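Student: Following this line is final_27.csv, made up of CSV, C-alpha atoms:
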```
chain,number,residue,atom,x,y,z
A,18,MET,CA,-51.1,-46.1,-6.0
A,19,ALA,CA,-53.3,-47.5,-3.2
A,20,ASN,CA,-54.8,-50.9,-3.5
A,21,GLN,CA,-58.4,-50.7,-4.5
A,22,GLY,CA,-59.5,-53.3,-2.0
A,23,SER,CA,-57.7,-51.9,1.0
A,24,ASP,CA,-59.4,-50.2,3.9
A,25,PRO,CA,-59.1,-46.4,4.0
A,26,ILE,CA,-56.5,-45.0,6.4
A,27,ASP,CA,-57.9,-43.4,9.6
A,28,LEU,CA,-55.8,-40.2,9.9
A,29,LYS,CA,-57.2,-39.6,13.4
A,30,GLU,CA,-55.8,-42.9,14.6
A,31,LEU,CA,-52.3,-41.6,13.5
A,32,GLY,CA,-52.8,-38.4,15.5
A,33,ILE,CA,-53.3,-36.3,12.4
A,34,THR,CA,-56.3,-34.0,12.2
A,35,THR,CA,-57.7,-32.5,9.0
A,36,ASP,CA,-59.5,-29.7,10.8
A,37,ALA,CA,-57.6,-26.5,9.9
A,38,THR,CA,-57.6,-23.6,12.3
A,39,TRP,CA,-57.0,-19.9,11.7
A,40,TRP,CA,-53.4,-20.3,12.8
A,41,ASP,CA,-52.7,-22.9,10.1
A,42,TYR,CA,-54.0,-20.5,7.4
A,43,ALA,CA,-52.0,-17.6,8.8
A,44,LEU,CA,-48.8,-19.7,8.9
A,45,GLN,CA,-49.3,-20.8,5.3
A,46,ALA,CA,-49.9,-17.3,4.2
A,47,GLY,CA,-46.8,-16.0,5.9
A,48,MET,CA,-44.7,-18.7,4.3
A,49,VAL,CA,-46.0,-17.7,0.8
A,50,ILE,CA,-45.3,-14.0,1.5
A,51,ALA,CA,-41.8,-14.8,2.6
A,52,ALA,CA,-41.1,-16.9,-0.5
A,53,ILE,CA,-42.4,-14.1,-2.7
A,54,ALA,CA,-40.2,-11.6,-0.9
A,55,GLN,CA,-37.1,-13.7,-1.4
A,56,VAL,CA,-37.8,-14.1,-5.2
A,57,LEU,CA,-38.2,-10.3,-5.5
A,58,CYS,CA,-35.0,-9.6,-3.6
A,59,LEU,CA,-33.1,-12.0,-5.9
A,60,PHE,CA,-34.6,-10.4,-9.0
A,61,PHE,CA,-33.6,-6.8,-8.0
A,62,ALA,CA,-30.2,-7.9,-6.9
A,63,ILE,CA,-29.5,-9.4,-10.4
A,64,PHE,CA,-31.4,-7.1,-12.7
A,65,GLY,CA,-31.9,-3.9,-10.7
A,66,PRO,CA,-29.5,-0.8,-10.7
A,67,SER,CA,-26.5,-1.0,-8.5
A,68,SER,CA,-26.5,0.9,-5.2
A,69,SER,CA,-23.7,3.2,-6.4
A,70,SER,CA,-25.5,4.1,-9.6
A,71,ARG,CA,-28.7,4.8,-7.7
A,72,SER,CA,-27.1,7.0,-5.2
A,73,ALA,CA,-25.2,8.8,-7.9
A,74,LYS,CA,-28.5,10.1,-9.4
A,75,GLU,CA,-29.5,13.6,-8.4
A,76,GLY,CA,-31.6,13.7,-5.3
A,77,GLN,CA,-30.7,10.1,-4.2
A,78,GLY,CA,-28.2,11.0,-1.4
A,79,PRO,CA,-24.4,10.8,-1.1
A,80,LEU,CA,-22.3,8.3,-3.0
A,81,SER,CA,-21.6,5.0,-1.1
A,82,LYS,CA,-18.1,4.5,0.4
A,83,GLU,CA,-17.2,2.0,-2.3
A,84,SER,CA,-18.1,4.4,-5.1
A,85,VAL,CA,-15.6,7.1,-4.0
A,86,ILE,CA,-12.5,4.8,-3.7
A,87,GLN,CA,-10.1,6.1,-6.3
A,88,LYS,CA,-7.6,4.0,-8.1
A,89,ARG,CA,-3.9,4.7,-7.8
A,90,ILE,CA,-2.3,6.8,-10.5
A,91,ALA,CA,0.9,5.4,-12.1
A,92,TRP,CA,3.3,8.1,-13.1
A,93,ASP,CA,6.7,8.8,-14.7
A,94,ALA,CA,8.8,11.9,-15.0
A,95,SER,CA,6.7,13.4,-17.8
A,96,SER,CA,3.5,13.0,-15.8
A,97,TRP,CA,4.3,16.0,-13.6
A,98,SER,CA,4.3,18.4,-16.4
A,99,SER,CA,0.5,18.1,-16.3
A,100,LEU,CA,0.0,17.2,-12.6
A,101,SER,CA,0.5,19.4,-9.6
A,102,LEU,CA,2.7,18.1,-6.8
A,103,PRO,CA,0.5,16.5,-4.2
A,104,ALA,CA,0.9,19.0,-1.4
A,105,VAL,CA,-1.2,20.3,1.5
A,106,THR,CA,-0.2,22.8,4.3
A,107,LYS,CA,0.3,22.1,7.9
A,108,ALA,CA,-2.8,24.2,8.8
A,109,GLU,CA,-4.8,22.0,6.5
A,110,VAL,CA,-3.5,18.7,7.9
A,111,LEU,CA,-4.6,19.8,11.3
A,112,THR,CA,-8.2,19.6,10.0
A,113,GLU,CA,-9.9,16.3,9.1
A,114,GLY,CA,-10.4,17.4,5.5
A,115,GLY,CA,-6.8,18.3,5.1
A,116,LEU,CA,-5.7,15.0,6.7
A,117,LYS,CA,-7.9,13.1,4.3
A,118,GLN,CA,-6.4,14.9,1.4
A,119,LEU,CA,-2.8,14.0,2.6
A,120,LEU,CA,-3.9,10.3,2.8
A,121,LEU,CA,-5.5,10.5,-0.6
A,122,ASN,CA,-2.4,12.0,-2.1
A,123,ILE,CA,-0.3,9.2,-0.7
A,124,HIS,CA,-2.8,6.6,-2.0
A,125,LEU,CA,-3.1,8.1,-5.5
A,126,HIS,CA,0.5,9.0,-6.2
A,127,GLY,CA,2.6,7.1,-3.6
A,128,TYR,CA,3.7,10.2,-1.8
A,129,GLY,CA,2.4,13.4,-0.3
A,130,LEU,CA,4.0,16.7,0.8
A,131,VAL,CA,3.1,18.9,3.8
A,132,SER,CA,4.4,22.5,3.7
A,133,GLY,CA,4.6,25.2,6.3
A,134,CYS,CA,6.1,23.1,9.1
A,135,GLU,CA,8.6,24.2,11.7
A,136,PRO,CA,12.0,22.7,10.9
A,137,THR,CA,12.1,20.8,14.2
A,138,GLU,CA,11.7,17.1,15.2
A,139,THR,CA,8.9,18.1,17.5
A,140,ASP,CA,6.8,19.7,14.7
A,141,THR,CA,7.6,16.8,12.4
A,142,GLU,CA,6.4,14.3,14.9
A,143,ALA,CA,3.2,16.3,15.5
A,144,ILE,CA,2.4,16.1,11.8
A,145,VAL,CA,3.3,12.4,11.6
A,146,ARG,CA,1.0,11.6,14.6
A,147,ARG,CA,-2.0,12.9,12.6
A,148,ILE,CA,-1.7,9.6,10.8
A,149,ALA,CA,-0.2,7.3,13.3
A,150,ALA,CA,2.5,7.0,16.0
A,151,PRO,CA,6.1,6.5,14.6
A,152,MET,CA,7.1,2.9,14.2
A,153,PRO,CA,9.8,1.8,16.7
A,154,THR,CA,12.8,-0.3,15.5
A,155,THR,CA,16.3,-1.2,16.8
A,156,PHE,CA,17.5,1.9,15.0
A,157,SER,CA,15.2,4.3,16.9
A,158,PRO,CA,12.3,4.2,19.4
A,159,GLY,CA,10.4,6.3,16.9
A,160,MET,CA,11.7,9.6,15.3
A,161,TRP,CA,15.3,9.8,14.1
A,162,THR,CA,17.7,12.5,12.9
A,163,PHE,CA,20.8,11.8,10.7
A,164,THR,CA,23.4,13.5,8.7
A,165,SER,CA,26.5,12.4,6.7
A,166,ASN,CA,28.6,11.3,9.7
A,167,MET,CA,28.5,7.5,9.1
A,168,ALA,CA,27.2,7.0,12.6
A,169,ARG,CA,25.7,3.7,11.3
A,170,GLY,CA,26.8,1.2,8.7
A,171,ASP,CA,24.2,2.5,6.3
A,172,THR,CA,24.8,4.5,3.1
A,173,ALA,CA,22.0,6.9,4.2
A,174,TYR,CA,24.6,8.2,6.7
A,175,SER,CA,26.9,9.3,3.9
A,176,ASN,CA,26.9,12.0,1.3
A,177,CYS,CA,27.2,9.7,-1.7
A,178,TYR,CA,24.6,9.0,-4.4
A,179,LEU,CA,21.9,6.6,-3.5
A,180,ALA,CA,20.1,4.7,-6.2
A,181,PRO,CA,16.3,4.4,-5.9
A,182,HIS,CA,15.3,1.7,-3.4
A,183,THR,CA,12.7,0.8,-0.8
A,184,ASP,CA,13.6,0.7,2.9
A,185,SER,CA,13.6,-2.1,5.5
A,186,THR,CA,13.6,-4.9,2.9
A,187,TYR,CA,15.2,-7.1,5.6
A,188,PHE,CA,12.0,-6.8,7.8
A,189,SER,CA,9.3,-9.4,7.5
A,190,ASN,CA,6.9,-6.5,7.5
A,191,PRO,CA,8.7,-3.5,5.8
A,192,CYS,CA,7.6,-0.1,6.9
A,193,ARG,CA,4.7,1.2,4.9
A,194,ILE,CA,5.4,5.0,5.1
A,195,GLN,CA,8.8,6.6,5.0
A,196,VAL,CA,8.8,10.2,6.4
A,197,PHE,CA,11.6,12.7,5.6
A,198,HIS,CA,12.0,16.3,6.7
A,199,CYS,CA,15.2,18.2,5.8
A,200,LEU,CA,15.8,20.3,8.9
A,201,ASP,CA,19.0,22.1,7.7
A,202,ARG,CA,20.9,22.3,4.4
A,203,GLU,CA,22.8,25.5,4.9
A,204,GLY,CA,25.7,25.7,2.4
A,205,CYS,CA,24.6,22.4,0.9
A,206,THR,CA,24.8,21.7,-2.8
A,207,GLY,CA,23.2,18.7,-4.4
A,208,GLY,CA,21.3,16.2,-2.3
A,209,ASP,CA,18.2,16.2,-4.4
A,210,THR,CA,15.6,13.5,-3.5
A,211,ILE,CA,14.9,11.0,-6.3
A,212,LEU,CA,11.4,9.4,-6.4
A,213,VAL,CA,10.5,6.5,-8.8
A,214,ASP,CA,7.0,5.0,-9.1
A,215,GLY,CA,7.8,1.3,-8.6
A,216,GLN,CA,4.3,0.4,-9.7
A,217,HIS,CA,4.7,2.2,-13.1
A,218,CYS,CA,8.1,0.5,-13.6
A,219,ALA,CA,6.6,-2.9,-12.8
A,220,GLU,CA,3.8,-2.3,-15.3
A,221,VAL,CA,6.3,-1.4,-18.0
A,222,LEU,CA,8.3,-4.5,-17.2
A,223,GLU,CA,5.3,-6.8,-17.3
A,224,ALA,CA,4.2,-5.3,-20.7
A,225,GLN,CA,7.7,-5.7,-22.1
A,226,ASP,CA,8.7,-9.1,-20.6
A,227,PRO,CA,5.9,-11.0,-18.8
A,228,ALA,CA,8.3,-13.9,-18.0
A,229,ALA,CA,10.6,-11.5,-16.2
A,230,MET,CA,7.8,-10.1,-14.1
A,231,ASP,CA,6.7,-13.7,-13.3
A,232,LEU,CA,10.1,-14.6,-12.0
A,233,LEU,CA,10.3,-11.5,-9.8
A,234,CYS,CA,6.9,-12.4,-8.4
A,235,ARG,CA,7.8,-16.0,-7.4
A,236,ALA,CA,11.6,-16.3,-6.9
A,237,PRO,CA,12.6,-14.9,-3.5
A,238,LEU,CA,15.8,-13.0,-2.6
A,239,GLU,CA,17.5,-12.7,0.8
A,240,TYR,CA,17.9,-9.2,2.3
A,241,VAL,CA,20.1,-8.6,5.2
A,242,TYR,CA,21.3,-5.7,7.5
A,243,THR,CA,24.2,-6.3,10.0
A,244,GLU,CA,26.3,-4.2,12.2
A,245,PRO,CA,27.8,-4.9,15.7
A,246,GLY,CA,24.9,-6.1,17.9
A,247,VAL,CA,22.3,-5.9,15.0
A,248,CYS,CA,21.3,-8.5,12.5
A,249,TYR,CA,18.1,-8.4,10.4
A,250,LYS,CA,17.4,-10.9,7.7
A,251,TRP,CA,14.4,-11.8,5.5
A,252,VAL,CA,13.6,-13.7,2.3
A,253,ASP,CA,10.9,-12.6,0.0
A,254,THR,CA,10.0,-11.8,-3.6
A,255,VAL,CA,10.7,-8.4,-5.3
A,256,PHE,CA,7.0,-8.1,-6.1
A,257,LYS,CA,3.9,-9.2,-4.2
A,258,LYS,CA,0.5,-9.2,-5.9
A,259,SER,CA,-2.9,-9.1,-4.3
A,260,PRO,CA,-4.4,-12.6,-3.9
A,261,ILE,CA,-7.8,-11.0,-4.6
A,262,ASP,CA,-7.4,-9.1,-7.9
A,263,GLY,CA,-3.8,-9.7,-8.9
A,264,SER,CA,-2.9,-6.0,-8.6
A,265,LEU,CA,0.6,-5.0,-7.4
A,266,GLN,CA,0.5,-4.9,-3.6
A,267,ARG,CA,4.2,-4.4,-2.6
A,268,VAL,CA,7.6,-3.7,-4.1
A,269,ARG,CA,10.6,-4.9,-2.1
A,270,PHE,CA,13.7,-3.7,-4.0
A,271,ASN,CA,17.1,-2.6,-2.6
A,272,MET,CA,20.4,-3.5,-4.2
A,273,TYR,CA,22.3,-2.3,-1.1
A,274,ASP,CA,20.5,-4.8,1.2
A,275,ARG,CA,20.7,-7.9,-1.0
A,276,SER,CA,22.7,-10.7,0.7
A,277,PRO,CA,25.4,-12.7,-1.3
A,278,ARG,CA,23.1,-15.7,-1.5
A,279,PRO,CA,21.6,-16.3,-5.0
A,280,PRO,CA,17.9,-16.2,-5.6
A,281,PHE,CA,15.8,-19.1,-4.5
A,282,CYS,CA,15.0,-20.6,-8.0
A,283,SER,CA,16.2,-23.5,-10.1
A,284,LEU,CA,19.6,-23.4,-11.7
A,285,GLU,CA,17.9,-23.3,-15.1
A,286,GLU,CA,16.2,-20.0,-14.1
A,287,MET,CA,19.2,-18.4,-12.4
A,288,ASN,CA,20.4,-16.4,-15.4
A,289,SER,CA,16.9,-15.4,-16.4
A,290,PHE,CA,16.3,-14.1,-12.8
A,291,TYR,CA,19.3,-11.9,-12.9
A,292,ARG,CA,18.4,-10.5,-16.3
A,293,ALA,CA,14.9,-9.8,-15.0
A,294,LEU,CA,16.3,-8.0,-11.9
A,295,LYS,CA,18.6,-5.9,-14.1
A,296,LYS,CA,15.7,-5.0,-16.4
A,297,TYR,CA,13.7,-3.7,-13.5
A,298,ALA,CA,16.8,-1.9,-12.0
A,299,ASP,CA,17.4,-0.2,-15.4
A,300,LEU,CA,13.8,1.1,-15.4
A,301,THR,CA,14.2,2.6,-12.0
A,302,LEU,CA,17.5,4.2,-13.0
A,303,SER,CA,16.1,5.8,-16.2
A,304,PRO,CA,15.7,9.6,-15.9
A,305,ALA,CA,12.4,9.1,-17.8
A,306,ASN,CA,11.0,7.4,-14.7
A,307,GLN,CA,12.6,9.7,-12.0
A,308,LEU,CA,11.1,12.7,-10.3
A,309,LEU,CA,13.8,14.9,-8.7
A,310,MET,CA,13.0,17.5,-6.0
A,311,GLN,CA,15.0,19.3,-3.3
A,312,LEU,CA,13.6,18.9,0.2
A,313,THR,CA,13.9,22.1,2.1
A,314,PRO,CA,13.3,23.0,5.8
A,315,GLY,CA,9.6,23.3,6.4
A,316,THR,CA,8.4,20.6,4.0
A,317,VAL,CA,7.7,17.0,5.2
A,318,ILE,CA,7.4,14.2,2.6
A,319,PHE,CA,5.4,11.0,3.2
A,320,ILE,CA,6.4,8.2,0.9
A,321,ASP,CA,4.6,4.9,0.3
A,322,ASN,CA,7.5,2.5,0.8
A,323,TRP,CA,5.5,-0.4,-0.6
A,324,ARG,CA,5.2,1.4,-4.0
A,325,VAL,CA,7.6,4.4,-4.5
A,326,LEU,CA,11.3,4.0,-4.5
A,327,HIS,CA,13.4,6.9,-3.1
A,328,GLY,CA,17.1,7.8,-3.6
A,329,ARG,CA,19.4,10.8,-3.4
A,330,THR,CA,21.9,12.6,-5.5
A,331,GLU,CA,25.4,13.2,-4.1
A,332,PHE,CA,25.8,16.3,-2.0
A,333,ILE,CA,28.5,18.6,-0.5
A,334,GLY,CA,28.0,20.4,2.8
A,335,LYS,CA,25.6,20.2,5.7
A,336,ARG,CA,22.4,18.2,5.3
A,337,VAL,CA,20.4,17.2,8.4
A,338,VAL,CA,17.3,15.0,7.9
A,339,ASN,CA,14.7,14.0,10.4
A,340,GLY,CA,12.0,11.3,9.9
A,341,CYS,CA,10.5,8.0,10.9
A,342,TYR,CA,8.7,4.9,9.7
A,343,LEU,CA,4.9,4.2,9.9
A,344,ASP,CA,3.5,0.7,10.2
A,345,ASN,CA,1.4,-0.7,7.4
A,346,ASP,CA,-1.6,-1.6,9.6
A,347,GLU,CA,-1.7,1.8,11.3
A,348,TYR,CA,-1.5,3.6,7.9
A,349,ASN,CA,-4.3,1.4,6.5
A,350,HIS,CA,-6.4,2.1,9.6
A,351,ALA,CA,-6.1,5.8,9.2
A,352,SER,CA,-6.9,5.6,5.4
A,353,ARG,CA,-10.0,3.4,6.0
A,354,LYS,CA,-11.2,5.7,8.8
A,355,HIS,CA,-11.1,8.6,6.3
A,356,ASP,CA,-12.7,6.5,3.4
A,357,VAL,CA,-9.6,6.6,1.3
A,358,ILE,CA,-9.4,2.8,0.9
A,359,GLU,CA,-11.8,0.0,1.5
```
Would you put the structure from the file into structure tokens?

Tutor:
Amino acid sequence: MANQGSDPIDLKELGITTDATWWDYALQAGMVIAAIAQVLCLFFAIFGPSSSSRSAKEGQGPLSKESVIQKRIAWDASSWSSLSLPAVTKAEVLTEGGLKQLLLNIHLHGYGLVSGCEPTETDTEAIVRRIAAPMPTTFSPGMWTFTSNMARGDTAYSNCYLAPHTDSTYFSNPCRIQVFHCLDREGCTGGDTILVDGQHCAEVLEAQDPAAMDLLCRAPLEYVYTEPGVCYKWVDTVFKKSPIDGSLQRVRFNMYDRSPRPPFCSLEEMNSFYRALKKYADLTLSPANQLLMQLTPGTVIFIDNWRVLHGRTEFIGKRVVNGCYLDNDEYNHASRKHDVIE
């Protein structure tokens, strides 16, 4: 409170004028309008209908990109009695709509089929490049073709049974897409491809034994591949979850590539870890979780190697398979470009 006996302050001596101009009034009015606009925007953001629900109404235009992203569909063997195999034709994949459908099939089910292809490496590569260029590795500059001749120290080059697994577990960044095209199986018996939804098996494990799932999410294993002149090695967990929403992001599971080193966990947890690993392995080996199909010349399969495990039944005779890997970033780029993922 000012002292009653004090002299009044002369504002003009302080350089302050009390004479308002039209500019002062306009500036004050603009500030008031801006404040009201901010309050209205905040109100509608909190209490108004979402953009996706507004656009979904008739006459309100197409759905937003976020509203059309579909969640992955977990499956087991029984699922395919009511689901059609996710297949498109070569002619369809050569169109943008058909390519989007292939990418959507891979996203939803973890694999997709393309029929009507020529049984050649050239035609396989042409289909692959609709998504991305083949991923080069020490094993191949891009595309590769193999048969049961044990040309490499890898069980894939044999004719024996292969349990379901994911590939390139010994890479710091495992391939995202595994491509197979059986070019020739004349006189071959057996050799059916085995597919297992690793996501579904992980969900079952977590429901049955949350502690086992937790161990496989945090205790790493060492994976290794060696042959003369080649040595790959990496350490990581069997499961990796998204840091954003906790959903399963990647499965890294291959009993053939495990090194002799024990898991990186405490001695007290060691037995529990091996029990957890066996529980998951048992789920992948259960016929109830396996889809068997016979790959034939002319049909190319694209497998999400971060989700779906693949294997093979034993076979006799000639079986020539062509294929390649696709990089995770390149696959995601193609999927985002076609509005399949965010």

Student: Near Arg324 in chain A, within 6 Å and counting only C-alpha atoms, which residues show up once chain neighbours fewer than 5 positions away are dropped, as a list in words?

Tutor: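 Final neighbour list, sorted by chain and number: Gly215, Gln216 and Val268 of chain A.
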
Student: Those same residues, written as a PDB file, keeping the file's coordinate frame with C-alpha atoms?

Tutor:
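Saved as result_19.pdb:
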```
ATOM      1  CA  GLY A 215       7.800   1.300  -8.600  1.00  0.00           C
ATOM      2  CA  GLN A 216       4.300   0.400  -9.700  1.00  0.00           C
ATOM      3  CA  VAL A 268       7.600  -3.700  -4.100  1.00  0.00           C
TER       4      VAL A 268
END
```

Student: Between CA of Ala236 in chain A and CA of Glu347 in chain A, what is the spacing in Å?

Tutor: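 Separating CA of Glu347 in chain A from CA of Ala236 in chain A is a distance of 28.9 Å.
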
Student: Between CA of Tyr187 in chain A and CA of Tyr249 in chain A, what distance in Å does the model show, to one decimal?

Tutor: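 CA of Tyr249 in chain A lies at a distance of 5.8 Å from CA of Tyr187 in chain A.
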
Student: To one decimal in Å, tell me the separation between CA of Thr186 in chain A and CA of Gly207 in chain A.

Tutor: 26.5 Å

Student: Hey, which of A:Glu285, A:Glu331, A:Asp140, A:Asp262 ends up closest to Asp209 in chain A? Count all atoms listed in the file.

Tutor: A:Glu331

Student: Would you kindly return, as a list in words, each protein, DNA or RNA residue with an atom no farther than 7 Å from any atom of Ser352 in chain A, considering only C-alpha atoms and excluding same-chain residues fewer than 5 positions away?

Tutor: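 In the requested form, the answer reads Leu120, Val357 and Ile358 of chain A.
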
Student: Excluding Lys296 in chain A and residues on its chain fewer than 4 positions from it, collect all residues at most 8 Å away from it, counting all atoms listed in the file, and give them as a list in words.

Tutor: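 Once the adjacent positions are removed, what remains is Leu222, Arg292 and Leu300 of chain A.
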
Student: Set the distance at 12 Å and use only C-alpha atoms: which residues neighbour Ala305 in chain A once local chain neighbours fewer than 6 positions away are removed? I'd like the list as a list of chain:residue names.

Tutor: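 Everything that qualifies: A:Trp92, A:Asp93, A:Ala94, A:Ser95, A:Ser96, A:Trp97, A:Ile211, A:Leu212, A:Val213, A:Asp214, A:His217, A:Cys218, A:Asp299.
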
Student: How would you write as a list of chain:residue names the residues that get within 6 Å of (3.9, -4.6, -4.3) in the file's frame, counting all atoms listed in the file?

Tutor: A:Phe256, A:Lys257, A:Lys258, A:Leu265, A:Gln266, A:Arg267, A:Val268, A:Trp323

Student: Using only C-alpha atoms, which residue out of A:Lys88, A:Arg235, A:Arg193, A:His182 lies closest to Asp346 in chain A?

Tutor: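 Closest to Asp346 in chain A, using only C-alpha atoms: A:Arg193.
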
Student: Fix up range 205-213 of chain A with all heavy atoms, then write it as a PDB file, in the coordinates of the input.

Tutor:
```
ATOM      1  N   CYS A 205      24.627  23.687   1.541  1.00  0.00           N
ATOM      2  CA  CYS A 205      24.600  22.400   0.900  1.00  0.00           C
ATOM      3  C   CYS A 205      24.334  22.520  -0.604  1.00  0.00           C
ATOM      4  O   CYS A 205      23.431  23.258  -1.005  1.00  0.00           O
ATOM      5  CB  CYS A 205      23.575  21.473   1.532  1.00  0.00           C
ATOM      6  SG  CYS A 205      23.422  19.849   0.776  1.00  0.00           S
ATOM      7  N   THR A 206      25.089  21.823  -1.398  1.00  0.00           N
ATOM      8  CA  THR A 206      24.800  21.700  -2.800  1.00  0.00           C
ATOM      9  C   THR A 206      24.570  20.282  -3.197  1.00  0.00           C
ATOM     10  O   THR A 206      25.266  19.385  -2.709  1.00  0.00           O
ATOM     11  CB  THR A 206      25.987  22.285  -3.663  1.00  0.00           C
ATOM     12  OG1 THR A 206      27.184  21.567  -3.340  1.00  0.00           O
ATOM     13  CG2 THR A 206      26.204  23.760  -3.391  1.00  0.00           C
ATOM     14  N   GLY A 207      23.574  20.047  -4.068  1.00  0.00           N
ATOM     15  CA  GLY A 207      23.200  18.700  -4.400  1.00  0.00           C
ATOM     16  C   GLY A 207      22.221  18.125  -3.379  1.00  0.00           C
ATOM     17  O   GLY A 207      21.514  18.857  -2.701  1.00  0.00           O
ATOM     18  N   GLY A 208      22.199  16.817  -3.273  1.00  0.00           N
ATOM     19  CA  GLY A 208      21.300  16.200  -2.300  1.00  0.00           C
ATOM     20  C   GLY A 208      19.853  16.231  -2.665  1.00  0.00           C
ATOM     21  O   GLY A 208      18.986  16.265  -1.787  1.00  0.00           O
ATOM     22  N   ASP A 209      19.560  16.222  -3.968  1.00  0.00           N
ATOM     23  CA  ASP A 209      18.200  16.200  -4.400  1.00  0.00           C
ATOM     24  C   ASP A 209      17.564  14.809  -4.111  1.00  0.00           C
ATOM     25  O   ASP A 209      18.234  13.774  -4.266  1.00  0.00           O
ATOM     26  CB  ASP A 209      18.045  16.472  -5.893  1.00  0.00           C
ATOM     27  CG  ASP A 209      18.366  17.920  -6.230  1.00  0.00           C
ATOM     28  OD1 ASP A 209      18.401  18.749  -5.301  1.00  0.00           O
ATOM     29  OD2 ASP A 209      18.581  18.211  -7.424  1.00  0.00           O
ATOM     30  N   THR A 210      16.307  14.785  -3.716  1.00  0.00           N
ATOM     31  CA  THR A 210      15.600  13.500  -3.500  1.00  0.00           C
ATOM     32  C   THR A 210      15.112  12.985  -4.834  1.00  0.00           C
ATOM     33  O   THR A 210      14.588  13.725  -5.665  1.00  0.00           O
ATOM     34  CB  THR A 210      14.414  13.737  -2.544  1.00  0.00           C
ATOM     35  OG1 THR A 210      14.919  14.078  -1.253  1.00  0.00           O
ATOM     36  CG2 THR A 210      13.566  12.477  -2.423  1.00  0.00           C
ATOM     37  N   ILE A 211      15.298  11.680  -5.040  1.00  0.00           N
ATOM     38  CA  ILE A 211      14.900  11.000  -6.300  1.00  0.00           C
ATOM     39  C   ILE A 211      13.659  10.110  -5.897  1.00  0.00           C
ATOM     40  O   ILE A 211      13.735   9.310  -4.963  1.00  0.00           O
ATOM     41  CB  ILE A 211      15.969  10.115  -6.848  1.00  0.00           C
ATOM     42  CG1 ILE A 211      17.248  10.921  -7.074  1.00  0.00           C
ATOM     43  CG2 ILE A 211      15.503   9.464  -8.150  1.00  0.00           C
ATOM     44  CD1 ILE A 211      18.457  10.056  -7.426  1.00  0.00           C
ATOM     45  N   LEU A 212      12.575  10.273  -6.626  1.00  0.00           N
ATOM     46  CA  LEU A 212      11.400   9.400  -6.400  1.00  0.00           C
ATOM     47  C   LEU A 212      11.118   8.665  -7.748  1.00  0.00           C
ATOM     48  O   LEU A 212      11.212   9.230  -8.839  1.00  0.00           O
ATOM     49  CB  LEU A 212      10.165  10.242  -6.064  1.00  0.00           C
ATOM     50  CG  LEU A 212      10.219  11.038  -4.758  1.00  0.00           C
ATOM     51  CD1 LEU A 212       8.891  11.761  -4.532  1.00  0.00           C
ATOM     52  CD2 LEU A 212      10.544  10.138  -3.575  1.00  0.00           C
ATOM     53  N   VAL A 213      10.785   7.384  -7.612  1.00  0.00           N
ATOM     54  CA  VAL A 213      10.500   6.500  -8.800  1.00  0.00           C
ATOM     55  C   VAL A 213       9.186   5.757  -8.420  1.00  0.00           C
ATOM     56  O   VAL A 213       9.108   5.143  -7.348  1.00  0.00           O
ATOM     57  CB  VAL A 213      11.594   5.563  -9.103  1.00  0.00           C
ATOM     58  CG1 VAL A 213      11.164   4.598 -10.204  1.00  0.00           C
ATOM     59  CG2 VAL A 213      12.846   6.308  -9.510  1.00  0.00           C
TER      60      VAL A 213
END
```
